[in-house]
Amino acid sequence: MAMSTIETCKAEDPVVVDNTENGQQHSEKSQWVLNAPDPPTPWHELVGSVRNTISKYQKKCSSLRGQEGPQIVLSFLRGIFPILDWGRNYTVTKFRNDLLAGLTIASLCIPQSIGYATLAKLDPEYGLYTSAVPPLIYALMGSSREVAIGPVAVVSLLLSSMIQKLIDPAADPIGYKKLVFTATLFAGMFQAAFGLFRLGFFVDFLSHAAIVGFMGGAAIIIGLQQLKGLFGIEHFTNKTDVISVMASVCESVHHPWNPRNFILGCSFFIFILFTRFLGKRNRKLFWLPAISPLLSVLLSTLIVFLTRADKSGVNIVKHIKGGFNPSSIHQIELTSLHVGALVKIGLIAAAVALTESVAVGRSFASMKGYHLNGNREMVSLGFMNIIGSLTSCYVATGSFSRTVVNFTAGCETLVSNIVMAITVIISLQCFTKLLYFTPTAILASIILSALPGLIDINEAYKIWKVDKLDFLACIGAFFGVLFASVEIGLLVAVAISFTKIVLISIRPGTETLGRVPGTDVFSDLHQYPMAVKTPGVVIIRIKSALLCFSNANSVRERILKWITQEEAEGNKNKEDTSNIIQLVILDTSNLVSIDTSGIASLEDLHKSLVSSGKQLAIVNPRWQVIYKLKVTNFVKKIGGRVFLTVGEAIDCKLDV
């Protein structure tokens, strides 16, 4: 051990080594760092990941050995369909609660679905189709107990704004529907792939701040789009940016318009907001804001029918096709000229839908105290949309507003989604003819009433207070959606979020450390002004996670600048020789990886220090870092001065 002690503290210049018991202990700990096994290569990590995944399935298969065929099939089905697992403990009491919750969200879902279909530039029945089949599929495969599935405003806007650039829904509605179903198929495939191959981290590039800004901007655009129905405007722009929409509204002022649409829509808009206010004041009236959209549809339809207001200029929905979801397999166009653009649209829609649904599901799962499997959620949402695309549905996901109502209504399981879907199917079979006289202004008011929940000013202010770069991503998404387009807003948000990751990882951050009084902890002198500097020693910590070609020279220059400043301060008192810098300690505990440029900069730093009579020590290098430093013989060049802690580096006495 004595030989290892000499080698550990030995420098290129003669060094007097502490051979006391403490010195031997320090040397032994240094050897722990220097003699660590080689880290796994990327290939070994990939193989290990695959092996771990396979071993999990092998354990599941081994647990099935000795069981009979039907039991094996049942266990396999339980893994795919969680309803077979929790359904065994289902009770009448739970069904009573789920029945009430399902009927409550159905009363909200039906008018919202019709409105969101018009937002997606589809016929009203397609919104109802999307609230029928996807909830049934999710109830079989999903793991969240509270999420209510169906069309949502943001995804409806996203699809219409992007697909209408490929084909005009007014000129070719059949071709437009085919592209919508094809984009939905691609969205489902991407969602399922994210879950099956555990690629959910791609969705995380849509950060919380970006989603807040994107939702706020989309809400304003959706609201402006409803001015067409609210004012009964005949000629309206297909563009989604605020300038084009406002220009279209201003142009329509010169054309005749019927104020009855505006009066009818605003009256029921105020009614819906009033019921929401009552529901917040008295929680026992939670059902009132949930059924107010349906009441608005029924009452307004009755008013128009009795007064024949449609003959006086009130725009109505007219025919809504009834019956169960028709097959749309023959409408999927995988050989279309627009297939490349549809893949991109499907990817964006998949990411947005996943982000909203998983975030909503996890929020309510934490309230109920259970864990939500993110990968399983992605798979269930993916297969739900794949099957939905084949049954005349467009992209469905978890709706925040309906999930809140579902939770408040006391849902116990996903049976509430089944009840909602059955109610929608019954409505499609029996009641669509009754909606012939439904005014379009009411659908606009229902969509408008759902938008305030998408604009979270308090959260945006919180983001501003906490992290300015996050706020930049937030407003980037907000203004991108508002003044450009939905996809541009998302692209700006992802670009800013990705840039933030890169900046945090590689920016040349350094900080000088001092010992916090009464402890063995060394911390930033600016954060802890009471921390004490060690005479003759400069301790510098690299804050970057990477030391690479983009920041290595800057880090080296900053370190030399700190040393120059310390020497300048020490020269003010020439009689005190203890301030002469003898040792520079580099704390690399934050450094995850280093490349050849980083190693070259450390070598230049070492040469500069040696030329001025100083020595360099490395503290707490990570696995990959110490491996590369040994491979390039940098450890030998600094005399093996590699330590586990800053305290041990200081205690290694040097002969100056």
# chains A, B, ... in the order shown; residues from 1 in each chain; ligands from 1

call {"tool": "residues_around", "arguments": {"residues": "His338 in chain A", "least_positions_apart": "2", "cutoff": "10 Å", "atoms": "only C-alpha atoms", "output": "list in words"}}
result
Ile163, Leu166, Ile167, Leu179, Glu333, Leu334, Thr335, Ser336, Gly340, Ala341, Leu342 and Val343 of chain A

call {"tool": "write_last_selection", "arguments": {"atoms": "N, CA, C and O atoms", "output": "PDB file, in the first residue's frame"}}
result
ATOM      1  N   ILE A 163     -54.072  19.784 -42.438  1.00  0.00           N
ATOM      2  CA  ILE A 163     -54.542  18.977 -43.567  1.00  0.00           C
ATOM      3  C   ILE A 163     -55.195  19.850 -44.636  1.00  0.00           C
ATOM      4  O   ILE A 163     -55.126  19.537 -45.828  1.00  0.00           O
ATOM      5  N   LEU A 166     -53.247  20.712 -47.582  1.00  0.00           N
ATOM      6  CA  LEU A 166     -53.069  19.696 -48.611  1.00  0.00           C
ATOM      7  C   LEU A 166     -54.277  19.604 -49.535  1.00  0.00           C
ATOM      8  O   LEU A 166     -54.128  19.362 -50.733  1.00  0.00           O
ATOM      9  N   ILE A 167     -55.454  19.776 -48.951  1.00  0.00           N
ATOM     10  CA  ILE A 167     -56.681  19.668 -49.731  1.00  0.00           C
ATOM     11  C   ILE A 167     -57.755  20.524 -49.078  1.00  0.00           C
ATOM     12  O   ILE A 167     -57.859  20.567 -47.847  1.00  0.00           O
ATOM     13  N   LEU A 179     -57.827  11.927 -45.919  1.00  0.00           N
ATOM     14  CA  LEU A 179     -56.539  12.343 -45.362  1.00  0.00           C
ATOM     15  C   LEU A 179     -56.595  12.404 -43.837  1.00  0.00           C
ATOM     16  O   LEU A 179     -55.614  12.077 -43.157  1.00  0.00           O
ATOM     17  N   GLU A 333     -55.618   6.062 -47.276  1.00  0.00           N
ATOM     18  CA  GLU A 333     -54.843   6.234 -48.498  1.00  0.00           C
ATOM     19  C   GLU A 333     -53.342   6.211 -48.189  1.00  0.00           C
ATOM     20  O   GLU A 333     -52.730   7.243 -47.930  1.00  0.00           O
ATOM     21  N   LEU A 334     -52.773   5.006 -48.213  1.00  0.00           N
ATOM     22  CA  LEU A 334     -51.343   4.859 -47.948  1.00  0.00           C
ATOM     23  C   LEU A 334     -50.502   5.110 -49.191  1.00  0.00           C
ATOM     24  O   LEU A 334     -49.277   5.208 -49.094  1.00  0.00           O
ATOM     25  N   THR A 335     -51.147   5.191 -50.339  1.00  0.00           N
ATOM     26  CA  THR A 335     -50.416   5.451 -51.588  1.00  0.00           C
ATOM     27  C   THR A 335     -50.659   6.870 -52.088  1.00  0.00           C
ATOM     28  O   THR A 335     -50.328   7.180 -53.238  1.00  0.00           O
ATOM     29  N   SER A 336     -51.205   7.717 -51.241  1.00  0.00           N
ATOM     30  CA  SER A 336     -51.503   9.085 -51.640  1.00  0.00           C
ATOM     31  C   SER A 336     -50.220   9.874 -51.885  1.00  0.00           C
ATOM     32  O   SER A 336     -49.152   9.576 -51.333  1.00  0.00           O
ATOM     33  N   GLY A 340     -46.285  11.544 -47.234  1.00  0.00           N
ATOM     34  CA  GLY A 340     -45.172  12.079 -46.442  1.00  0.00           C
ATOM     35  C   GLY A 340     -45.631  13.169 -45.491  1.00  0.00           C
ATOM     36  O   GLY A 340     -45.255  13.186 -44.313  1.00  0.00           O
ATOM     37  N   ALA A 341     -46.458  14.072 -45.996  1.00  0.00           N
ATOM     38  CA  ALA A 341     -46.994  15.139 -45.143  1.00  0.00           C
ATOM     39  C   ALA A 341     -47.912  14.569 -44.072  1.00  0.00           C
ATOM     40  O   ALA A 341     -47.939  15.057 -42.935  1.00  0.00           O
ATOM     41  N   LEU A 342     -48.666  13.514 -44.404  1.00  0.00           N
ATOM     42  CA  LEU A 342     -49.572  12.902 -43.427  1.00  0.00           C
ATOM     43  C   LEU A 342     -48.801  12.213 -42.306  1.00  0.00           C
ATOM     44  O   LEU A 342     -49.256  12.193 -41.162  1.00  0.00           O
ATOM     45  N   VAL A 343     -47.646  11.642 -42.643  1.00  0.00           N
ATOM     46  CA  VAL A 343     -46.797  11.044 -41.595  1.00  0.00           C
ATOM     47  C   VAL A 343     -46.351  12.127 -40.612  1.00  0.00           C
ATOM     48  O   VAL A 343     -46.388  11.929 -39.387  1.00  0.00           O
TER      49      VAL A 343
END

call {"tool": "residues_around", "arguments": {"residues": "Ala170 in chain A", "least_positions_apart": "3", "cutoff": "12 Å", "atoms": "only C-alpha atoms", "output": "compact mmCIF listing (two decimals) with all heavy atoms, in the first residue's frame"}}
result
# COMPACT_ATOMS: atom_id res chain seq x y z
N LYS A 121 -63.24 20.64 -39.31
CA LYS A 121 -63.74 20.76 -40.69
C LYS A 121 -64.35 19.43 -41.17
O LYS A 121 -64.23 19.06 -42.34
CB LYS A 121 -62.62 21.21 -41.64
CG LYS A 121 -62.00 22.55 -41.27
CD LYS A 121 -62.96 23.68 -41.51
CE LYS A 121 -62.46 25.03 -41.05
NZ LYS A 121 -61.12 25.38 -41.19
N LEU A 122 -65.00 18.72 -40.24
CA LEU A 122 -65.69 17.48 -40.56
C LEU A 122 -67.18 17.63 -40.28
O LEU A 122 -67.59 18.55 -39.56
CB LEU A 122 -65.13 16.31 -39.73
CG LEU A 122 -63.68 15.91 -40.01
CD1 LEU A 122 -63.18 14.95 -38.93
CD2 LEU A 122 -63.54 15.27 -41.38
N ASP A 123 -67.97 16.73 -40.81
CA ASP A 123 -69.40 16.74 -40.50
C ASP A 123 -69.61 16.40 -39.03
O ASP A 123 -68.80 15.68 -38.42
CB ASP A 123 -70.13 15.72 -41.38
CG ASP A 123 -70.10 16.11 -42.86
OD1 ASP A 123 -70.06 17.33 -43.13
OD2 ASP A 123 -70.09 15.21 -43.72
N SER A 160 -57.14 20.16 -38.67
CA SER A 160 -57.75 20.98 -39.72
C SER A 160 -56.76 22.00 -40.29
O SER A 160 -56.72 22.23 -41.50
CB SER A 160 -58.99 21.69 -39.18
OG SER A 160 -58.65 22.62 -38.16
N GLN A 164 -55.82 20.96 -44.22
CA GLN A 164 -56.46 21.81 -45.22
C GLN A 164 -55.44 22.49 -46.13
O GLN A 164 -55.81 23.03 -47.18
CB GLN A 164 -57.35 22.85 -44.54
CG GLN A 164 -56.61 23.92 -43.77
CD GLN A 164 -57.57 24.88 -43.09
OE1 GLN A 164 -58.77 24.72 -43.16
NE2 GLN A 164 -57.02 25.87 -42.42
N ILE A 167 -55.45 19.78 -48.95
CA ILE A 167 -56.68 19.67 -49.73
C ILE A 167 -57.75 20.52 -49.08
O ILE A 167 -57.86 20.57 -47.85
CB ILE A 167 -57.12 18.19 -49.84
CG1 ILE A 167 -58.27 18.03 -50.83
CG2 ILE A 167 -57.49 17.63 -48.49
CD1 ILE A 167 -58.56 16.57 -51.16
N PRO A 173 -64.64 17.47 -49.84
CA PRO A 173 -64.82 16.96 -48.47
C PRO A 173 -64.49 15.48 -48.33
O PRO A 173 -63.99 15.05 -47.29
CB PRO A 173 -66.30 17.24 -48.19
CG PRO A 173 -66.94 17.38 -49.54
CD PRO A 173 -65.90 17.95 -50.42
N ILE A 174 -64.74 14.70 -49.38
CA ILE A 174 -64.45 13.26 -49.30
C ILE A 174 -62.95 13.02 -49.25
O ILE A 174 -62.44 12.23 -48.44
CB ILE A 174 -65.09 12.52 -50.49
CG1 ILE A 174 -66.62 12.63 -50.43
CG2 ILE A 174 -64.66 11.05 -50.50
CD1 ILE A 174 -67.33 12.01 -51.62
N GLY A 175 -62.22 13.70 -50.12
CA GLY A 175 -60.76 13.58 -50.10
C GLY A 175 -60.16 14.07 -48.79
O GLY A 175 -59.20 13.50 -48.28
N TYR A 176 -60.75 15.14 -48.24
CA TYR A 176 -60.28 15.67 -46.96
C TYR A 176 -60.47 14.64 -45.84
O TYR A 176 -59.57 14.43 -45.01
CB TYR A 176 -61.04 16.95 -46.64
CG TYR A 176 -60.68 17.57 -45.30
CD1 TYR A 176 -59.55 18.35 -45.14
CD2 TYR A 176 -61.50 17.39 -44.19
CE1 TYR A 176 -59.23 18.92 -43.92
CE2 TYR A 176 -61.20 17.95 -42.96
CZ TYR A 176 -60.06 18.72 -42.84
OH TYR A 176 -59.76 19.27 -41.62
N LYS A 177 -61.63 13.98 -45.82
CA LYS A 177 -61.89 12.96 -44.79
C LYS A 177 -60.89 11.81 -44.91
O LYS A 177 -60.42 11.28 -43.89
CB LYS A 177 -63.32 12.43 -44.93
CG LYS A 177 -64.39 13.34 -44.36
CD LYS A 177 -65.75 12.69 -44.34
CE LYS A 177 -66.25 12.45 -45.75
NZ LYS A 177 -67.64 11.92 -45.76
N HIS A 235 -68.42 33.81 -45.44
CA HIS A 235 -67.09 33.68 -46.05
C HIS A 235 -66.03 33.95 -44.98
O HIS A 235 -65.89 35.08 -44.50
CB HIS A 235 -66.95 34.65 -47.22
CG HIS A 235 -68.01 34.47 -48.27
ND1 HIS A 235 -68.01 33.42 -49.14
CD2 HIS A 235 -69.12 35.22 -48.56
CE1 HIS A 235 -69.05 33.50 -49.94
NE2 HIS A 235 -69.75 34.59 -49.61
N PHE A 236 -65.29 32.89 -44.64
CA PHE A 236 -64.31 33.00 -43.56
C PHE A 236 -63.02 32.34 -44.00
O PHE A 236 -63.02 31.34 -44.73
CB PHE A 236 -64.85 32.32 -42.30
CG PHE A 236 -64.21 32.78 -41.02
CD1 PHE A 236 -64.54 34.01 -40.47
CD2 PHE A 236 -63.28 31.99 -40.37
CE1 PHE A 236 -63.96 34.44 -39.28
CE2 PHE A 236 -62.69 32.41 -39.19
CZ PHE A 236 -63.03 33.64 -38.65
N THR A 237 -61.89 32.88 -43.55
CA THR A 237 -60.59 32.36 -43.96
C THR A 237 -60.33 30.96 -43.41
O THR A 237 -60.82 30.59 -42.33
CB THR A 237 -59.47 33.31 -43.47
OG1 THR A 237 -58.21 32.79 -43.90
CG2 THR A 237 -59.47 33.44 -41.97
N ASN A 238 -59.56 30.19 -44.16
CA ASN A 238 -59.14 28.87 -43.69
C ASN A 238 -57.84 28.93 -42.90
O ASN A 238 -57.42 27.93 -42.31
CB ASN A 238 -58.95 27.92 -44.89
CG ASN A 238 -60.27 27.47 -45.46
OD1 ASN A 238 -61.27 27.36 -44.74
ND2 ASN A 238 -60.30 27.20 -46.76

call {"tool": "atom_distance", "arguments": {"atom1": "CA of Asn553 in chain A", "atom2": "CA of Leu602 in chain A"}}
result
9.1 Å

call {"tool": "select_by_dssp", "arguments": {"residues": "range 397-573 of chain A", "states": "strand (DSSP E or B)", "output": "PyMOL selection string"}}
result
chain A and resi 397-399+439+510-515+522-524+532+537-542+546-547

call {"tool": "write_last_selection", "arguments": {"atoms": "C-alpha atoms", "output": "compact mmCIF listing (two decimals), in the first residue's frame"}}
result
# COMPACT_ATOMS: atom_id res chain seq x y z
CA THR A 397 -57.26 11.48 -26.57
CA GLY A 398 -57.91 12.20 -22.91
CA SER A 399 -59.93 15.37 -22.48
CA PRO A 439 -78.04 26.57 -34.38
CA THR A 510 -17.35 27.32 -13.44
CA GLU A 511 -17.50 28.26 -9.77
CA THR A 512 -14.94 28.66 -7.00
CA LEU A 513 -15.48 26.65 -3.84
CA GLY A 514 -14.77 27.18 -0.16
CA ARG A 515 -15.25 25.09 2.96
CA PHE A 522 -17.11 22.64 -0.14
CA SER A 523 -19.65 24.93 -1.82
CA ASP A 524 -19.88 27.91 -4.16
CA VAL A 532 -13.77 29.89 3.79
CA VAL A 537 -5.34 26.34 -2.93
CA VAL A 538 -7.87 27.30 -5.60
CA ILE A 539 -10.85 24.94 -5.84
CA ILE A 540 -12.86 25.21 -9.03
CA ARG A 541 -15.90 23.16 -9.97
CA ILE A 542 -16.97 22.65 -13.58
CA LEU A 546 -20.07 17.95 -20.95
CA LEU A 547 -16.54 19.20 -21.56

call {"tool": "atom_distance", "arguments": {"atom1": "CA of Val619 in chain A", "atom2": "CA of Leu503 in chain A"}}
result
24.1 Å

call {"tool": "residues_around", "arguments": {"residues": "range 411-426 of chain A", "least_positions_apart": "6", "cutoff": "6 Å", "atoms": "only C-alpha atoms", "output": "PyMOL selection string"}}
result
chain A and resi 94+97-98+101-103+106+132+135-136+139+145

call {"tool": "residues_around", "arguments": {"residues": "range 246-257 of chain A", "least_positions_apart": "4", "cutoff": "12 Å", "atoms": "only C-alpha atoms", "output": "ChimeraX atom specification"}}
result
/A:220-221,223-242,261-262,312-315,482-483

call {"tool": "atom_distance", "arguments": {"atom1": "CA of Val625 in chain A", "atom2": "CA of Arg641 in chain A"}}
result
14.5 Å

call {"tool": "select_by_dssp", "arguments": {"residues": "range 171-338 of chain A", "states": "alpha helix (DSSP H)", "output": "ChimeraX atom specification"}}
result
/A:173-196,208-225,227-231,242-252,259-281,287-307

call {"tool": "closest_residue", "arguments": {"among": "A:Lys462, A:Tyr394, A:Ile272, A:Arg362", "to": "Ile332 in chain A", "atoms": "only C-alpha atoms"}}
result
A:Tyr394

call {"tool": "residues_around", "arguments": {"residues": "range 152-154 of chain A", "least_positions_apart": "4", "cutoff": "8 Å", "atoms": "only C-alpha atoms", "output": "PyMOL selection string"}}
result
chain A and resi 113+116+119+158+215+218-219+222+396-399+447

call {"tool": "write_last_selection", "arguments": {"atoms": "all heavy atoms", "output": "PDB file, in the first residue's frame"}}
result
ATOM      1  N   SER A 113     -68.537  17.156 -28.806  1.00  0.00           N
ATOM      2  CA  SER A 113     -68.053  16.365 -29.942  1.00  0.00           C
ATOM      3  C   SER A 113     -68.550  16.936 -31.261  1.00  0.00           C
ATOM      4  O   SER A 113     -67.809  16.981 -32.254  1.00  0.00           O
ATOM      5  CB  SER A 113     -68.498  14.908 -29.794  1.00  0.00           C
ATOM      6  OG  SER A 113     -67.972  14.338 -28.616  1.00  0.00           O
ATOM      7  N   TYR A 116     -66.480  20.105 -31.827  1.00  0.00           N
ATOM      8  CA  TYR A 116     -65.088  19.849 -32.195  1.00  0.00           C
ATOM      9  C   TYR A 116     -64.973  19.275 -33.602  1.00  0.00           C
ATOM     10  O   TYR A 116     -63.958  19.477 -34.289  1.00  0.00           O
ATOM     11  CB  TYR A 116     -64.444  18.898 -31.183  1.00  0.00           C
ATOM     12  CG  TYR A 116     -64.282  19.501 -29.804  1.00  0.00           C
ATOM     13  CD1 TYR A 116     -64.218  18.698 -28.674  1.00  0.00           C
ATOM     14  CD2 TYR A 116     -64.214  20.881 -29.630  1.00  0.00           C
ATOM     15  CE1 TYR A 116     -64.075  19.255 -27.406  1.00  0.00           C
ATOM     16  CE2 TYR A 116     -64.072  21.440 -28.367  1.00  0.00           C
ATOM     17  CZ  TYR A 116     -64.005  20.620 -27.266  1.00  0.00           C
ATOM     18  OH  TYR A 116     -63.871  21.169 -26.012  1.00  0.00           O
ATOM     19  N   LEU A 119     -64.891  22.104 -35.814  1.00  0.00           N
ATOM     20  CA  LEU A 119     -63.576  22.730 -35.709  1.00  0.00           C
ATOM     21  C   LEU A 119     -62.551  21.977 -36.552  1.00  0.00           C
ATOM     22  O   LEU A 119     -61.631  22.578 -37.117  1.00  0.00           O
ATOM     23  CB  LEU A 119     -63.134  22.760 -34.243  1.00  0.00           C
ATOM     24  CG  LEU A 119     -61.820  23.462 -33.922  1.00  0.00           C
ATOM     25  CD1 LEU A 119     -61.891  24.931 -34.292  1.00  0.00           C
ATOM     26  CD2 LEU A 119     -61.499  23.310 -32.432  1.00  0.00           C
ATOM     27  N   LEU A 158     -55.479  21.375 -34.772  1.00  0.00           N
ATOM     28  CA  LEU A 158     -54.199  20.991 -35.372  1.00  0.00           C
ATOM     29  C   LEU A 158     -54.416  20.230 -36.676  1.00  0.00           C
ATOM     30  O   LEU A 158     -53.776  20.512 -37.696  1.00  0.00           O
ATOM     31  CB  LEU A 158     -53.417  20.138 -34.372  1.00  0.00           C
ATOM     32  CG  LEU A 158     -51.971  19.791 -34.708  1.00  0.00           C
ATOM     33  CD1 LEU A 158     -51.151  19.693 -33.433  1.00  0.00           C
ATOM     34  CD2 LEU A 158     -51.888  18.465 -35.446  1.00  0.00           C
ATOM     35  N   MET A 215     -50.978  25.686 -25.598  1.00  0.00           N
ATOM     36  CA  MET A 215     -52.405  25.597 -25.276  1.00  0.00           C
ATOM     37  C   MET A 215     -53.043  26.986 -25.233  1.00  0.00           C
ATOM     38  O   MET A 215     -54.165  27.187 -25.714  1.00  0.00           O
ATOM     39  CB  MET A 215     -52.602  24.892 -23.933  1.00  0.00           C
ATOM     40  CG  MET A 215     -52.272  23.421 -23.943  1.00  0.00           C
ATOM     41  SD  MET A 215     -53.437  22.483 -24.935  1.00  0.00           S
ATOM     42  CE  MET A 215     -52.908  20.806 -24.574  1.00  0.00           C
ATOM     43  N   ALA A 218     -53.303  28.266 -28.829  1.00  0.00           N
ATOM     44  CA  ALA A 218     -54.323  27.502 -29.549  1.00  0.00           C
ATOM     45  C   ALA A 218     -55.725  27.881 -29.082  1.00  0.00           C
ATOM     46  O   ALA A 218     -56.660  27.939 -29.889  1.00  0.00           O
ATOM     47  CB  ALA A 218     -54.091  26.002 -29.349  1.00  0.00           C
ATOM     48  N   ALA A 219     -55.879  28.141 -27.784  1.00  0.00           N
ATOM     49  CA  ALA A 219     -57.196  28.525 -27.256  1.00  0.00           C
ATOM     50  C   ALA A 219     -57.674  29.833 -27.883  1.00  0.00           C
ATOM     51  O   ALA A 219     -58.854  29.968 -28.236  1.00  0.00           O
ATOM     52  CB  ALA A 219     -57.126  28.654 -25.736  1.00  0.00           C
ATOM     53  N   ILE A 222     -58.617  29.113 -31.499  1.00  0.00           N
ATOM     54  CA  ILE A 222     -59.902  28.390 -31.538  1.00  0.00           C
ATOM     55  C   ILE A 222     -61.052  29.355 -31.266  1.00  0.00           C
ATOM     56  O   ILE A 222     -62.095  29.311 -31.932  1.00  0.00           O
ATOM     57  CB  ILE A 222     -59.904  27.242 -30.512  1.00  0.00           C
ATOM     58  CG1 ILE A 222     -58.906  26.159 -30.928  1.00  0.00           C
ATOM     59  CG2 ILE A 222     -61.306  26.644 -30.362  1.00  0.00           C
ATOM     60  CD1 ILE A 222     -58.651  25.120 -29.856  1.00  0.00           C
ATOM     61  N   ALA A 396     -58.398  10.790 -31.200  1.00  0.00           N
ATOM     62  CA  ALA A 396     -59.020  10.955 -29.882  1.00  0.00           C
ATOM     63  C   ALA A 396     -57.949  10.886 -28.813  1.00  0.00           C
ATOM     64  O   ALA A 396     -56.896  10.272 -29.000  1.00  0.00           O
ATOM     65  CB  ALA A 396     -60.070   9.872 -29.643  1.00  0.00           C
ATOM     66  N   THR A 397     -58.209  11.502 -27.691  1.00  0.00           N
ATOM     67  CA  THR A 397     -57.259  11.479 -26.573  1.00  0.00           C
ATOM     68  C   THR A 397     -58.010  11.796 -25.285  1.00  0.00           C
ATOM     69  O   THR A 397     -59.234  11.977 -25.287  1.00  0.00           O
ATOM     70  CB  THR A 397     -56.112  12.487 -26.805  1.00  0.00           C
ATOM     71  OG1 THR A 397     -55.109  12.297 -25.818  1.00  0.00           O
ATOM     72  CG2 THR A 397     -56.614  13.921 -26.751  1.00  0.00           C
ATOM     73  N   GLY A 398     -57.291  11.860 -24.187  1.00  0.00           N
ATOM     74  CA  GLY A 398     -57.912  12.204 -22.914  1.00  0.00           C
ATOM     75  C   GLY A 398     -58.238  13.679 -22.847  1.00  0.00           C
ATOM     76  O   GLY A 398     -57.375  14.522 -23.061  1.00  0.00           O
ATOM     77  N   SER A 399     -59.476  13.986 -22.559  1.00  0.00           N
ATOM     78  CA  SER A 399     -59.927  15.374 -22.484  1.00  0.00           C
ATOM     79  C   SER A 399     -59.847  15.867 -21.048  1.00  0.00           C
ATOM     80  O   SER A 399     -60.364  15.219 -20.135  1.00  0.00           O
ATOM     81  CB  SER A 399     -61.368  15.491 -22.986  1.00  0.00           C
ATOM     82  OG  SER A 399     -61.938  16.728 -22.635  1.00  0.00           O
ATOM     83  N   ILE A 447     -67.938  25.624 -27.540  1.00  0.00           N
ATOM     84  CA  ILE A 447     -66.479  25.559 -27.683  1.00  0.00           C
ATOM     85  C   ILE A 447     -65.823  26.721 -26.942  1.00  0.00           C
ATOM     86  O   ILE A 447     -64.816  26.550 -26.247  1.00  0.00           O
ATOM     87  CB  ILE A 447     -66.093  25.564 -29.171  1.00  0.00           C
ATOM     88  CG1 ILE A 447     -66.585  24.283 -29.844  1.00  0.00           C
ATOM     89  CG2 ILE A 447     -64.583  25.693 -29.337  1.00  0.00           C
ATOM     90  CD1 ILE A 447     -66.350  24.241 -31.341  1.00  0.00           C
TER      91      ILE A 447
END

call {"tool": "closest_residue", "arguments": {"among": "A:Ser401, A:Thr438, A:Ser593, A:Ser608", "to": "Asp310 in chain A", "atoms": "only C-alpha atoms"}}
result
A:Thr438

call {"tool": "residues_around", "arguments": {"residues": "Trp287 in chain A", "least_positions_apart": "5", "cutoff": "8 Å", "atoms": "only C-alpha atoms", "output": "PyMOL selection string"}}
result
chain A and resi 104+279+409

call {"tool": "write_last_selection", "arguments": {"atoms": "C-alpha atoms", "output": "PDB file, in the first residue's frame"}}
result
ATOM      1  CA  THR A 104     -72.823  13.050 -16.743  1.00  0.00           C
ATOM      2  CA  GLY A 279     -70.994  24.637  -9.787  1.00  0.00           C
ATOM      3  CA  ALA A 409     -68.967  12.894 -10.632  1.00  0.00           C
TER       4      ALA A 409
END
